[in-house]
Amino acid sequence: MSEEVPGTWRQLRQYWAVMTVLAGGVLVGAVSIYLAASLLPTAVRDIGGDQLYAWNMTVYLVGQVVAAMLAANVLRRAGAQGAYVTGFGLFAAGSVICTVAPTMPIMLIGRGLQGLGAGLLTGLGFALIQATLPAALWSRGSAVISAMFGLGNFVGPALGGTLAQAGAWRWAFGALTVLAITLGALAARVLRTIQLPAGGAAPRIPRWALVLVVAAVASLSVASLTDSAPLIVALVITAAIMAVGFVVVEGRSSTRVLPASTYRRGSAMRWIYLTIAVLASSVAVETFLPLFGQQLGDLPPVAAGFYGAALSLGWALTQVWSASAHGRRANALMLGGPAVLVIGLAVLAVTIAADASIGLVVGWLVVLVLAGSGIGMAMPHLTVRAMSSAEDQAEAQQAAASIATVLTMGTASGAAVAGLLVNLGQPNLETSARYLLAGFALIAVVGIATAKRLTARRYEPVAVDSMA
């Protein structure tokens with residue numbers, strides 16, 4: 001069948017209420033990651049627990065991965081309205097706990113609940129694009145939702161830094177609580193009439209796949225927190241074994257996280273998901289960019305904070321332009337996106353240096369935005385290709401939800417790898433920066449290879465009716 005020409009932004013506005021819920025769910029999770037990172041130094045001074053500081057991100061990301069993997073299952077069991085109320089409820093409960101937390105262990109409980117809520121909301125956002133929008137608007141809807149990652153990564157550090165400087169870190173978590181409750185109430189009203197296609201009983205939970213993914217992410221996360229070289233090697237090997245085990249279990253099981261067609265020879269799905277994972281993992285470099293800006297570029301904290309959001313800003317802005325492409329142009333963007341990312345990260349790895357001139361520091365910012373634009377070029381078309389490559393309606397829903405699973409797995413793994421690369425370069429910060437940027441440039445090269453496999457032949461999408 002011929003590829004459907006994308007609809008217009010004006011047509012998408014007819015679905016503004018549903019899109020507010022879907023995009024808002026992704027946004028609260030994205031904001032929370034970097035908002036918390038900005039606030040935690042101030043929070044530690046108030047409630048202590050500096051020895052548990054690094055676990056805030058680990059607990060959040062593991063919770064996010066678990067919930068994203070279960071999103072399709074929750075959607076089938078609870079329906080659109082029930083699933084979204086659950087997601088916003090978990091996130092709001094976690095935010096309340098973070099708001100009132102008297103100690104760091106209590107804070108970690110709140111962060112874990114936030115991660116579960118964020119992962120569920122992210123998975124639901126992509127799954128319901130397929131169920132609530134006509135196929136012609138999938139690329140626009142995917143662009144809006146994916147752009148929320150970039151917007152959240154931009155807003156989070158700015159808002160968190162401002163409130164932390166004012167000593168109002170608890171107010172930030174309180175604001176997230178209010179936002180989650182408000183969006184949850186909107187979801188309960190807007191989604192009550194959404195009927196999902198009949199697909200039989202809800203699938204069983206893929207327990208072994210879930211255990212293996214969590215073990216892999218946890219192993220990488222712990223490896224990024226230790227200075228012991230033998231332990232780092234052992235944990236990285238463990239993570240690799242767990243990742244291979246996940247693929248083996250998925251391929252042989254009747255209950256899977258990813259669509260069954262992912263594991264069939266000649267399938268486009270595997271290359272789609274691998275490319276998405278590579279692109280998503282690269283955003284992890286942002287965690288350390290403010291540090292590099294301050295200590296290598298002699299920037300004040302506020303100015304350095306923009307470096308932590310530049311990659312995501314390029315991602316968010318480019319998606320608005322990219323979403324209108326289709327056919328050969330869409331294929332070119334899927335292939336060109338990873339290439340632009342590789343070039344940008346490689347240029348930064350070569351030029352990063354201590355005591356840089358102001359011109360070079362400004363140049364870094366421009367290159368970061370351009371590198372992020374590579375993600376925005378490819379991401380909308382990868383998500384649409386995943387949804388349109390499904391073999392039937394039930395798999396189309398799973399394929400859409402799996403986009404969020406792959407995104408969160410890529411983000412979580414990328415964060416762990418980023419911490420590991422920076423630790424390997426210590427105590428020299430310039431060496432750490434080069435390791436980080438060069439390492440992710442090499443990872444992004446894998447994205448070029450997978451995108452090339454995806455675009456090398458024409459994969460005909462399967463006609464899947466969508467509920468408008």
# chains A, B, ... in the order shown; residues from 1 in each chain; ligands from 1

call {"tool": "select_by_dssp", "arguments": {"residues": "region 95-282 of chain A", "states": "alpha helix (DSSP H)", "output": "PyMOL selection string"}}
result
chain A and resi 95-100+104-132+138-165+169-190+207-223+229-252+269-282

call {"tool": "atom_distance", "arguments": {"atom1": "CA of Leu258 (chain A)", "atom2": "CA of Thr405 (chain A)"}}
result
8.5 Å

call {"tool": "residues_around", "arguments": {"residues": "Ala404 (chain A)", "least_positions_apart": "2", "cutoff": "8 Å", "atoms": "only C-alpha atoms", "output": "MDAnalysis selection string"}}
result
chainID A and resid 68 119 122:123 126 400:402 406:408

call {"tool": "closest_residue", "arguments": {"among": "A:Ile181, A:Ala371, A:Val361, A:Val285", "to": "Leu299 (chain A)", "atoms": "only C-alpha atoms"}}
result
A:Val361

call {"tool": "residues_around", "arguments": {"residues": "Val369 (chain A)", "least_positions_apart": "5", "cutoff": "10 Å", "atoms": "only C-alpha atoms", "output": "VMD selection string"}}
result
chain A and resid 307 309 to 318 341 344 364 374

call {"tool": "residues_around", "arguments": {"residues": "Pro206 (chain A)", "least_positions_apart": "6", "cutoff": "10 Å", "atoms": "only C-alpha atoms", "output": "VMD selection string"}}
result
chain A and resid 69 to 70 73 249 to 250 253 to 257

call {"tool": "closest_residue", "arguments": {"among": "A:Thr103, A:Ala216, A:Ala187, A:Gly82", "to": "Gly24 (chain A)", "atoms": "only C-alpha atoms"}}
result
A:Ala187

call {"tool": "closest_residue", "arguments": {"among": "A:Gln81, A:Ser281, A:Thr411, A:Ser357", "to": "Ile443 (chain A)", "atoms": "only C-alpha atoms"}}
result
A:Ser281

call {"tool": "residues_around", "arguments": {"residues": "Ala346 (chain A)", "least_positions_apart": "6", "cutoff": "9 Å", "atoms": "only C-alpha atoms", "output": "PyMOL selection string"}}
result
chain A and resi 437-438+440-442

call {"tool": "atom_distance", "arguments": {"atom1": "CA of Thr455 (chain A)", "atom2": "CA of Asn331 (chain A)"}}
result
5.9 Å

call {"tool": "residues_around", "arguments": {"residues": "region 90-98 of chain A", "least_positions_apart": "3", "cutoff": "6 Å", "atoms": "only C-alpha atoms", "output": "list in words"}}
result
Gly87, Ala101, Met107, Gly110, Leu113, Gln114, Gly117, Phe173, Thr177 and Ala180 of chain A

call {"tool": "write_last_selection", "arguments": {"atoms": "N, CA, C and O atoms", "output": "JSON list (two decimals), in the first residue's frame"}}
result
[["chain", "number", "residue", "atom", "x", "y", "z"],
["A", 87, "GLY", "N", -1.70, 6.15, 36.26],
["A", 87, "GLY", "CA", -0.39, 6.75, 36.02],
["A", 87, "GLY", "C", -0.22, 8.08, 36.71],
["A", 87, "GLY", "O", 0.78, 8.33, 37.40],
["A", 101, "ALA", "N", 9.14, 14.74, 52.38],
["A", 101, "ALA", "CA", 10.14, 13.77, 52.84],
["A", 101, "ALA", "C", 11.05, 14.36, 53.92],
["A", 101, "ALA", "O", 11.72, 15.37, 53.68],
["A", 107, "MET", "N", 12.59, 10.00, 50.60],
["A", 107, "MET", "CA", 12.64, 10.63, 49.28],
["A", 107, "MET", "C", 12.78, 9.58, 48.18],
["A", 107, "MET", "O", 12.15, 9.69, 47.12],
["A", 110, "GLY", "N", 9.50, 8.09, 47.25],
["A", 110, "GLY", "CA", 8.76, 9.01, 46.38],
["A", 110, "GLY", "C", 9.29, 9.02, 44.97],
["A", 110, "GLY", "O", 8.51, 9.02, 44.00],
["A", 113, "LEU", "N", 8.07, 5.93, 43.09],
["A", 113, "LEU", "CA", 6.68, 6.05, 42.65],
["A", 113, "LEU", "C", 6.56, 7.03, 41.48],
["A", 113, "LEU", "O", 5.79, 6.79, 40.54],
["A", 114, "GLN", "N", 7.32, 8.11, 41.53],
["A", 114, "GLN", "CA", 7.33, 9.04, 40.39],
["A", 114, "GLN", "C", 7.79, 8.32, 39.12],
["A", 114, "GLN", "O", 7.21, 8.52, 38.04],
["A", 117, "GLY", "N", 5.01, 6.08, 37.78],
["A", 117, "GLY", "CA", 3.98, 6.89, 37.13],
["A", 117, "GLY", "C", 4.45, 7.44, 35.80],
["A", 117, "GLY", "O", 3.72, 7.39, 34.80],
["A", 173, "PHE", "N", 8.35, 20.10, 44.07],
["A", 173, "PHE", "CA", 7.64, 18.82, 44.08],
["A", 173, "PHE", "C", 6.15, 19.03, 44.30],
["A", 173, "PHE", "O", 5.32, 18.29, 43.78],
["A", 177, "THR", "N", 2.94, 17.85, 41.95],
["A", 177, "THR", "CA", 1.74, 17.19, 42.49],
["A", 177, "THR", "C", 0.48, 17.82, 41.92],
["A", 177, "THR", "O", -0.44, 17.12, 41.44],
["A", 180, "ALA", "N", 0.06, 17.01, 38.20],
["A", 180, "ALA", "CA", -0.36, 15.63, 37.96],
["A", 180, "ALA", "C", -1.83, 15.43, 38.30],
["A", 180, "ALA", "O", -2.56, 14.75, 37.57]]

call {"tool": "atom_distance", "arguments": {"atom1": "CA of Ala332 (chain A)", "atom2": "CA of Val283 (chain A)"}}
result
21.8 Å

call {"tool": "closest_residue", "arguments": {"among": "A:Arg189, A:Arg111, A:His326, A:Arg13", "to": "Tyr60 (chain A)", "atoms": "only C-alpha atoms"}}
result
A:Arg111

call {"tool": "closest_residue", "arguments": {"among": "A:Leu220, A:Val178, A:Leu12, A:Leu159", "to": "Ala415 (chain A)", "atoms": "only C-alpha atoms"}}
result
A:Leu220
